[in-house]
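> One structure, pasted below without further comment.
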Amino acid sequence: MNAEELFTLSLKAIWGNKMRSFLTTLGIIIGVFSIIVLISIGTGLQSYINKQIAAFGPNLIDVMPGNMNSIAGMAGSMTEKLTMQDAKNLKRKFINTAKVAPTIQQVANVRYKNTEDKNVFIIGTTAEYPLVAQNTKVKIGSFFTRGQEISKVVVIGPTVLKKLFNDKPALGKKIFIGNSTYSVIGVTDKIGSTFGIDMDNMVYIPIEVIRQQFGSTTIREIIIAANSKELVPIVRKQTKEILLKRLSEDEFSVETSESISSTVGNITGMLSVALGGIAAISLLVGGIGVANIMLVSVTERTKEIGIRKALGAKRRDILLQFLIEAVMISVTGGVVGIILGMVASIAIAIVLVSSVTLWSVLLAFCFSVAIGIIFGMAPAIRASKLSPIDALRYE
Amino acid sequence: MKAADEIIRMTDITKVYGVGEAETTVLKDIHLLVKKGDFLGITGRSGSGKSTLMHIIGLLDSPTSGSYILNGTDVSKLKEDEQAFQRNKEIGFVFQQFNLLPKLSALENVMLPALYAGISKNERAEKANMLLTMLGLENHIFKRPNQMSGGQQQRVAIARALINDPELILADEPTGNLDTKSGADVMKTLKRLNDEGKTIILITHEHDIAVQAKKLIQLEDGMLIHKGKWLTKT
Ligand SMILES: Nc1ncnc2c1ncn2[C@@H]1O[C@H](COP(=O)(O)OP(=O)(O)OP(=O)(O)O)[C@@H](O)[C@H]1O
Ligand SMILES: [Mg+2]
């Protein structure tokens, strides 16, 4: 029998059993589809988070109250033991090696004439802030200088500019934050959103001023940017030493971009494993579906094989027919699954995050096609070993 | 001991099913000589081993021991694929259950043995068409088995048995699932094929069907009897 005859034969068998062929293909489509989509989401999430962390700059060291690595420390994050004095001590120490910017965060309503922007993120900080938080750049006007650190001045984010001033020039205008007036001296460049928070719906005011207005004495975060990547470990070590003079181990934590991204990496890694597990389960379910359909038709197919053998089919003829049939079904299912999976991944990327990886496509395809072929061939291999009469009589 | 006019020469053929306690000897010391152009009827009680014998003659099953020469070839020691080749070339089957492939049309069913014989598609179709017409099925060529009567299905099966021009036709209870009229038609066809030179072996337990064969043998206790005498080595 030549190749063309074999193909016609297999196509006829596929067409002759539309329901079986359809269900088998469907099982494979589901398997391939879910692997691609779930792995895309996992990978997308990971690269999204890495990008967000990288946006802060590689030389970043972050000091926060409390310590997430211990129970006592978690309670510590509520007590807020960090003070302005700690920031000053650090600043003095790192005069040549790093920039230090303490921050206080507050949520308040901001108003210009009759227009109000509710729940704006207020960051109280020092003049070093733009040097430390490298994703914050001033586009119009300027950030407050050291000399302005006790003046009622404000730098606003683009979202606030849009809401209060409808994107019209705002420099020199007076706005209300809570019930005090501040004059606008600068507008920052667009940052976008990080972890779902609009980083542009923010205003920056001097830390001393915010402390007076809102009465808070402790600080939320001290951001330190080492002057070079090489200095990061030393600065981190020294930061710890300085803070330990006054605070206990549980009352603060010092993280670097690297340590944050490895912590987050662990979490997303676990998430990826979980998604992979779900994908594996759906693949298994798809595989069981395929196997089930193939096994249900074993009697019918064994009888068919018996008849074909009685009429002179050789073992090779039978095996090739079934192999081609299984390959055609699996590959069709695999290709459809890939297309649907990629389309879905791209659609998900619009609202959430996901990125299709070549290896997941290959993995999904190979695995599913293998399942299709194994389960498609199994009855044929078994039946082709029976004597023609045993195959004919198979019940 | 090879005669040109012999198509089957079986010597000492036995068939044993099962092992140990469950061992049953279905065929013992079968000696069978069939000449070309014979029309041999084989009868016997139900369970006497008629089908078993036919499956061995048709190379669908292997004997436990003994030698079997089919049309000049010793087929008792052939490998599976060589048996398939012999079966395809030398033998046409007509089964009680028809054994047509349900998803294929009458034409495609008839064409199957020729497909495995490597005959080109056009030639196959032409020949199958001719055979179906000869058997009066010209209006049913594209029907599937479940769209045809039993008698029509059996005629499709006969057409299929003929497509590779085998010398030997094996029919196991070909009329068993048919009414009297269709059964008579099938018998008429078999007789005509015999007149045209085909060797026919017909298995049946119906007396009035059996008597239409030229020579009648009986299977009893796993051995063959002809005109009241055990068939032994010749
Ligand atoms: N695969 C098998 N395993 C064990 N025993 C078998 C097998 N096939 C047939 N037999 C036994 O061999 C004997 C002969 O069976 P066979 O089918 O040849 O009888 P038969 O003469 O064709 O009967 P019937 O007229 O009912 O068709 C029976 O007793 C049967 O039980
Ligand atoms: Mg029988």
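Letters A, B, ... go to the chains of the structure tokens in the order shown; residues in each chain start at 1; ligands are counted from 1 in the same order.
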9 Å from ligand 2 is the threshold here; counting only C-alpha atoms and all ligand atoms, which polymer residues fall inside it? Answer as an mmCIF file with C-alpha atoms, in the first residue's frame.


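Generated output (part37.cif):
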```
data_model
loop_
_atom_site.group_PDB
_atom_site.id
_atom_site.type_symbol
_atom_site.label_atom_id
_atom_site.label_comp_id
_atom_site.auth_asym_id
_atom_site.auth_seq_id
_atom_site.Cartn_x
_atom_site.Cartn_y
_atom_site.Cartn_z
ATOM 1 C CA SER B 46 -22.859 -27.881 16.645
ATOM 2 C CA GLY B 47 -19.537 -27.665 18.438
ATOM 3 C CA SER B 48 -18.031 -30.499 16.417
ATOM 4 C CA GLY B 49 -15.270 -28.187 15.166
ATOM 5 C CA LYS B 50 -16.460 -27.231 11.662
ATOM 6 C CA SER B 51 -15.637 -23.545 12.082
ATOM 7 C CA THR B 52 -12.336 -24.376 13.735
ATOM 8 C CA MET B 54 -12.449 -23.792 8.320
ATOM 9 C CA GLN B 96 -22.296 -16.373 8.473
ATOM 10 C CA ASP B 172 -19.041 -20.963 6.833
ATOM 11 C CA GLU B 173 -22.818 -21.217 7.214
ATOM 12 C CA ILE B 203 -19.804 -25.572 6.010
ATOM 13 C CA THR B 204 -23.351 -26.057 7.165
ATOM 14 C CA HIS B 205 -25.428 -28.023 9.570
#
```

> Please report as CSV every residue of chain B lying within 12 Å of ligand 1, along with the nearest atom pair and their distance in Å (one decimal), using only C-alpha atoms and all ligand atoms.


```
residue,atom,partner,partner_atom_place_in_ligand_line,distance
B:Thr14,CA,ligand 1,12 (O),11.8
B:Lys15,CA,ligand 1,12 (O),8.8
B:Val16,CA,ligand 1,5 (N),8.2
B:Tyr17,CA,ligand 1,4 (C),4.8
B:Gly18,CA,ligand 1,4 (C),6.0
B:Val19,CA,ligand 1,4 (C),9.8
B:Ala22,CA,ligand 1,4 (C),8.5
B:Glu23,CA,ligand 1,4 (C),8.4
B:Thr24,CA,ligand 1,5 (N),7.1
B:Thr25,CA,ligand 1,12 (O),7.8
B:Val26,CA,ligand 1,12 (O),5.3
B:Leu27,CA,ligand 1,14 (C),8.3
B:Lys28,CA,ligand 1,14 (C),11.9
B:Ile42,CA,ligand 1,21 (O),9.5
B:Thr43,CA,ligand 1,21 (O),8.0
B:Gly44,CA,ligand 1,21 (O),6.3
B:Arg45,CA,ligand 1,25 (O),6.0
B:Ser46,CA,ligand 1,25 (O),3.5
B:Gly47,CA,ligand 1,19 (O),3.5
B:Ser48,CA,ligand 1,21 (O),4.0
B:Gly49,CA,ligand 1,18 (O),3.1
B:Lys50,CA,ligand 1,21 (O),3.7
B:Ser51,CA,ligand 1,22 (O),3.6
B:Thr52,CA,ligand 1,18 (O),3.7
B:Leu53,CA,ligand 1,18 (O),6.5
B:Met54,CA,ligand 1,18 (O),8.0
B:His55,CA,ligand 1,18 (O),8.4
B:Ile56,CA,ligand 1,18 (O),10.1
B:Asp61,CA,ligand 1,1 (N),9.9
B:Ser62,CA,ligand 1,1 (N),11.7
B:Phe95,CA,ligand 1,27 (O),11.0
B:Gln96,CA,ligand 1,27 (O),9.3
B:Gln97,CA,ligand 1,27 (O),11.4
B:Ala171,CA,ligand 1,22 (O),11.7
B:Asp172,CA,ligand 1,22 (O),8.1
B:Glu173,CA,ligand 1,27 (O),7.9
B:Pro174,CA,ligand 1,27 (O),11.4
B:Gly176,CA,ligand 1,27 (O),9.7
B:Leu202,CA,ligand 1,22 (O),11.8
B:Ile203,CA,ligand 1,22 (O),8.3
B:Thr204,CA,ligand 1,25 (O),7.2
B:His205,CA,ligand 1,25 (O),6.3
B:Glu206,CA,ligand 1,25 (O),9.6
B:Gln218,CA,ligand 1,21 (O),10.4
B:Leu219,CA,ligand 1,21 (O),8.0
B:Glu220,CA,ligand 1,21 (O),9.3
B:Asp221,CA,ligand 1,14 (C),10.2
B:Gly222,CA,ligand 1,14 (C),8.7
B:Met223,CA,ligand 1,21 (O),11.7
```

> Using only C-alpha atoms, find which residues of chain B lie within 10 Å of chain A and jot them down as an MDAnalysis selection string.

chainID B and resid 52 55:56 58:62 80:89 91:93 99:104 112:121 160:161 164

> Between CA of Lys35 in chain B and CA of Asn109 in chain B, what is the distance, to one decimal in Å?

29.7 Å
